[in-house]
Amino acid sequence: MSRNIHPTAIIEGGAQVGDNVSIGPYCIVGSQVTLGDSVTLKAHVVVDGRTTIGEGTIIYPFAAIGTAPQDLKYAGEESSLVIGKNNVIREHVTMNPGTEAGDMETRVGDHGLFMVASHVAHDCVIGDHVIMANNATLAGHVHVGDHVVIGGLAAVHQFIRIGDHAIIGGMSGVENDVIPYGRVKGERAHLAGLNLIGLERRGFSRDEVKALQRAFNQLFGDEGTLDQRLESVADDFAQDGAVMKIVTFAKEKTRFPLCQPLKKSS
């Protein structure tokens with residue numbers, strides 16, 4: 001078993017360190033931490049709490065991972081943070097474990113990029129291939145789907161859901177659920193259309209995108225109520241898996257309504 005651990009690093013007793021792990025100068029690894037194979041902690045990284053980091057993940061200087069949640073209700077419960085494999089976690093990123101008021105776990109998927117000073121709060125669930133740009137922040141209990149991009153300085157309200165393949169514009173305040181494939185922007189974010197560039201980059205065909213656009217126009221049109229339009233879309237696109245992902249998401253209502261387009265001025 002090969003490891004590269006700098007002599008100034010502190011690895012507390014009980015920590016589990018995999019093969020081919022590199023731990024740089026002045027890192028601190030807590031007693032309940034598990035580092036998978038080929039994890040790299042560059043320098044001055046703190047990993048604490050009941051934290052598991054998947055293989056191949058790289059963490060840059062001054063990140064604080066697994067430290068206590070920023071929640072006044074947190075009372076020291078033995079909650080956890082689970083981070084998947086092959087993530088890149090840049091400088092000053094913070095990720096906190098779950099709380100008793102949530103699911104006792106914060107979970108981050110695989111192949112994510114978390115840029116400088118981005119924040120994942122307690123009880124968040126983050127999918128695979130997620131990008132959070134500099135200073136993007138998630139409040140507690142946020143659920144983020146796969147292939148989501150969250151722009152710099154964006155802030156997402158607690159308990160919000162963001163669907164697969166959505167994109168959040170920089171400096172946006174997200175206070176409502178964002179449908180899969182949605183594109184939102186604005187100081188108080190509104191739905192500005194579909195993430196067309198993202199869909200193209202991820203291999204969606206022209207016909208698939210056209211169907212999504214028709215469904216989007218129908219769902220956020222002017223006739224009837226949103227629930228009526230949702231049922232109409234469900235009937236008209238029942239065989240379209242991509243569109244039905246929007247329908248399913250919209251029907252799984254939680255605390256907040258869907259983020260919608262700005263109303264047209266009369």
# chains A, B, ... in the order shown; residues from 1 in each chain; ligands from 1
call {"tool": "select_by_dssp", "arguments": {"residues": "region 71-168 of chain A", "states": "strand (DSSP E)", "output": "PyMOL selection string"}}
result
chain A and resi 80-83+88-89+94-95+105-108+113-114+119-120+125-126+131-132+137-138+143-144+149-150+155-156+161-162+167-168
call {"tool": "write_last_selection", "arguments": {"atoms": "C-alpha atoms", "output": "CSV table (one decimal), in the first residue's frame"}}
result
chain,number,residue,atom,x,y,z
A,80,SER,CA,-22.4,12.4,8.1
A,81,LEU,CA,-21.1,13.8,4.8
A,82,VAL,CA,-20.6,11.4,1.8
A,83,ILE,CA,-18.7,12.7,-1.2
A,88,VAL,CA,-12.5,18.5,-7.9
A,89,ILE,CA,-13.0,20.7,-4.8
A,94,THR,CA,-17.1,24.3,2.5
A,95,MET,CA,-19.3,21.2,2.8
A,105,GLU,CA,-26.6,13.1,5.8
A,106,THR,CA,-25.3,15.4,3.1
A,107,ARG,CA,-24.5,13.6,-0.1
A,108,VAL,CA,-22.4,14.8,-3.1
A,113,LEU,CA,-16.4,20.6,-9.9
A,114,PHE,CA,-16.8,22.9,-6.9
A,119,HIS,CA,-20.7,26.1,-0.2
A,120,VAL,CA,-22.8,23.0,0.2
A,125,VAL,CA,-28.2,16.1,-2.0
A,126,ILE,CA,-26.0,16.8,-5.1
A,131,ILE,CA,-20.6,22.4,-11.5
A,132,MET,CA,-20.8,25.1,-8.8
A,137,THR,CA,-24.0,28.8,-2.3
A,138,LEU,CA,-26.6,26.2,-1.4
A,143,HIS,CA,-31.6,18.9,-3.9
A,144,VAL,CA,-29.5,19.3,-7.1
A,149,VAL,CA,-24.5,24.2,-13.5
A,150,ILE,CA,-24.8,26.9,-10.8
A,155,ALA,CA,-27.6,31.6,-3.9
A,156,VAL,CA,-30.2,28.8,-3.6
A,161,ARG,CA,-35.0,21.4,-5.9
A,162,ILE,CA,-33.1,21.9,-9.1
A,167,ILE,CA,-28.4,26.0,-15.4
A,168,ILE,CA,-28.5,28.8,-12.8
call {"tool": "residues_around", "arguments": {"residues": "Asp110 (chain A)", "least_positions_apart": "5", "cutoff": "10 Å", "atoms": "only C-alpha atoms", "output": "PDB file with C-alpha atoms, in the first residue's frame"}}
result
ATOM      1  CA  GLY A  54     -14.605   8.758  -2.782  1.00  0.00           C
ATOM      2  CA  GLU A  55     -11.654   7.644  -4.844  1.00  0.00           C
ATOM      3  CA  GLY A  56      -9.852  10.070  -7.102  1.00  0.00           C
ATOM      4  CA  THR A  57     -11.287  13.220  -5.524  1.00  0.00           C
ATOM      5  CA  ILE A  83     -18.667  12.716  -1.206  1.00  0.00           C
ATOM      6  CA  GLY A  84     -18.417  10.602  -4.343  1.00  0.00           C
ATOM      7  CA  LYS A  85     -15.514   9.849  -6.618  1.00  0.00           C
ATOM      8  CA  ASN A  86     -13.459  11.975  -9.006  1.00  0.00           C
ATOM      9  CA  ASN A  87     -14.633  15.343  -7.733  1.00  0.00           C
ATOM     10  CA  VAL A  88     -12.530  18.498  -7.888  1.00  0.00           C
ATOM     11  CA  ILE A 126     -26.049  16.789  -5.065  1.00  0.00           C
ATOM     12  CA  GLY A 127     -26.075  14.668  -8.238  1.00  0.00           C
ATOM     13  CA  ASP A 128     -23.291  13.696 -10.622  1.00  0.00           C
ATOM     14  CA  HIS A 129     -21.380  16.032 -12.973  1.00  0.00           C
ATOM     15  CA  VAL A 130     -22.487  19.148 -11.095  1.00  0.00           C
ATOM     16  CA  ASP A 146     -27.264  15.560 -12.454  1.00  0.00           C
TER      17      ASP A 146
END
call {"tool": "residues_around", "arguments": {"residues": "region 246-262 of chain A", "least_positions_apart": "6", "cutoff": "10 Å", "atoms": "only C-alpha atoms", "output": "mmCIF file with C-alpha atoms, in the first residue's frame"}}
result
data_model
loop_
_atom_site.group_PDB
_atom_site.id
_atom_site.type_symbol
_atom_site.label_atom_id
_atom_site.label_comp_id
_atom_site.auth_asym_id
_atom_site.auth_seq_id
_atom_site.Cartn_x
_atom_site.Cartn_y
_atom_site.Cartn_z
ATOM 1 C CA GLN A 158 -33.216 26.091 1.595
ATOM 2 C CA PHE A 159 -35.345 23.092 0.498
ATOM 3 C CA ILE A 160 -35.233 24.103 -3.192
ATOM 4 C CA ARG A 161 -35.045 21.408 -5.888
ATOM 5 C CA ILE A 162 -33.061 21.876 -9.104
ATOM 6 C CA GLY A 163 -33.751 19.342 -11.846
ATOM 7 C CA ASP A 164 -31.286 17.515 -14.091
ATOM 8 C CA VAL A 174 -33.195 30.986 -6.476
ATOM 9 C CA GLU A 175 -36.365 30.865 -4.365
ATOM 10 C CA ASN A 176 -38.464 28.384 -6.365
ATOM 11 C CA ASP A 177 -37.959 24.885 -7.774
ATOM 12 C CA VAL A 178 -36.221 24.752 -11.165
ATOM 13 C CA ILE A 179 -37.499 22.232 -13.706
ATOM 14 C CA PRO A 180 -35.139 19.808 -15.432
ATOM 15 C CA TYR A 181 -33.447 21.436 -18.456
ATOM 16 C CA GLY A 182 -34.462 24.887 -17.180
ATOM 17 C CA ARG A 183 -32.416 28.060 -17.511
ATOM 18 C CA VAL A 184 -32.961 30.617 -14.766
ATOM 19 C CA ARG A 188 -34.818 36.976 -7.951
ATOM 20 C CA ALA A 189 -34.495 34.171 -10.423
ATOM 21 C CA HIS A 190 -37.066 33.613 -13.139
ATOM 22 C CA LEU A 191 -37.262 30.889 -15.748
ATOM 23 C CA ALA A 192 -35.718 32.253 -18.941
ATOM 24 C CA GLY A 193 -36.153 29.189 -21.151
ATOM 25 C CA LEU A 212 -38.818 19.812 -25.074
ATOM 26 C CA ALA A 215 -43.647 21.053 -24.072
ATOM 27 C CA PHE A 216 -42.075 24.061 -22.346
ATOM 28 C CA LEU A 219 -46.583 24.169 -19.884
ATOM 29 C CA PHE A 220 -45.892 27.858 -19.386
ATOM 30 C CA GLY A 221 -48.505 29.182 -21.813
ATOM 31 C CA LEU A 226 -50.577 25.434 -14.414
ATOM 32 C CA ASP A 227 -52.017 22.139 -13.155
ATOM 33 C CA LEU A 230 -49.302 20.061 -16.760
ATOM 34 C CA GLU A 231 -51.926 17.367 -17.336
ATOM 35 C CA VAL A 233 -48.408 18.067 -21.430
ATOM 36 C CA ALA A 234 -48.488 14.691 -19.691
ATOM 37 C CA PHE A 237 -45.954 13.770 -24.480
ATOM 38 C CA ALA A 238 -46.617 10.533 -22.595
#
call {"tool": "atom_distance", "arguments": {"atom1": "CA of Pro7 (chain A)", "atom2": "CA of Asn20 (chain A)"}}
result
16.2 Å
call {"tool": "residues_around", "arguments": {"residues": "Ser2 (chain A)", "least_positions_apart": "4", "cutoff": "10 Å", "atoms": "only C-alpha atoms", "output": "NGL selection string"}}
result
:A and (18-22 or 37-38)
call {"tool": "write_last_selection", "arguments": {"atoms": "N, CA and C atoms", "output": "CSV table (one decimal), in the first residue's frame"}}
result
chain,number,residue,atom,x,y,z
A,18,GLY,N,-7.1,5.3,2.2
A,18,GLY,CA,-6.9,4.3,1.2
A,18,GLY,C,-5.5,4.3,0.5
A,19,ASP,N,-5.4,3.4,-0.5
A,19,ASP,CA,-4.1,3.3,-1.2
A,19,ASP,C,-3.9,4.5,-2.1
A,20,ASN,N,-2.7,4.8,-2.3
A,20,ASN,CA,-2.2,5.9,-3.2
A,20,ASN,C,-2.8,7.2,-2.9
A,21,VAL,N,-3.1,7.5,-1.6
A,21,VAL,CA,-3.6,8.8,-1.2
A,21,VAL,C,-2.4,9.7,-1.0
A,22,SER,N,-2.6,11.0,-1.4
A,22,SER,CA,-1.6,12.0,-1.2
A,22,SER,C,-2.2,13.1,-0.3
A,37,ASP,N,-9.3,5.4,-2.2
A,37,ASP,CA,-8.0,5.3,-3.0
A,37,ASP,C,-7.8,6.5,-3.8
A,38,SER,N,-6.6,6.9,-4.0
A,38,SER,CA,-6.1,8.0,-4.9
A,38,SER,C,-6.8,9.4,-4.6
call {"tool": "select_by_dssp", "arguments": {"residues": "region 196-246 of chain A", "states": "helix (DSSP H, G or I)", "output": "number ranges by chain"}}
result
A: 196-201, 206-219, 226-236, 241-246
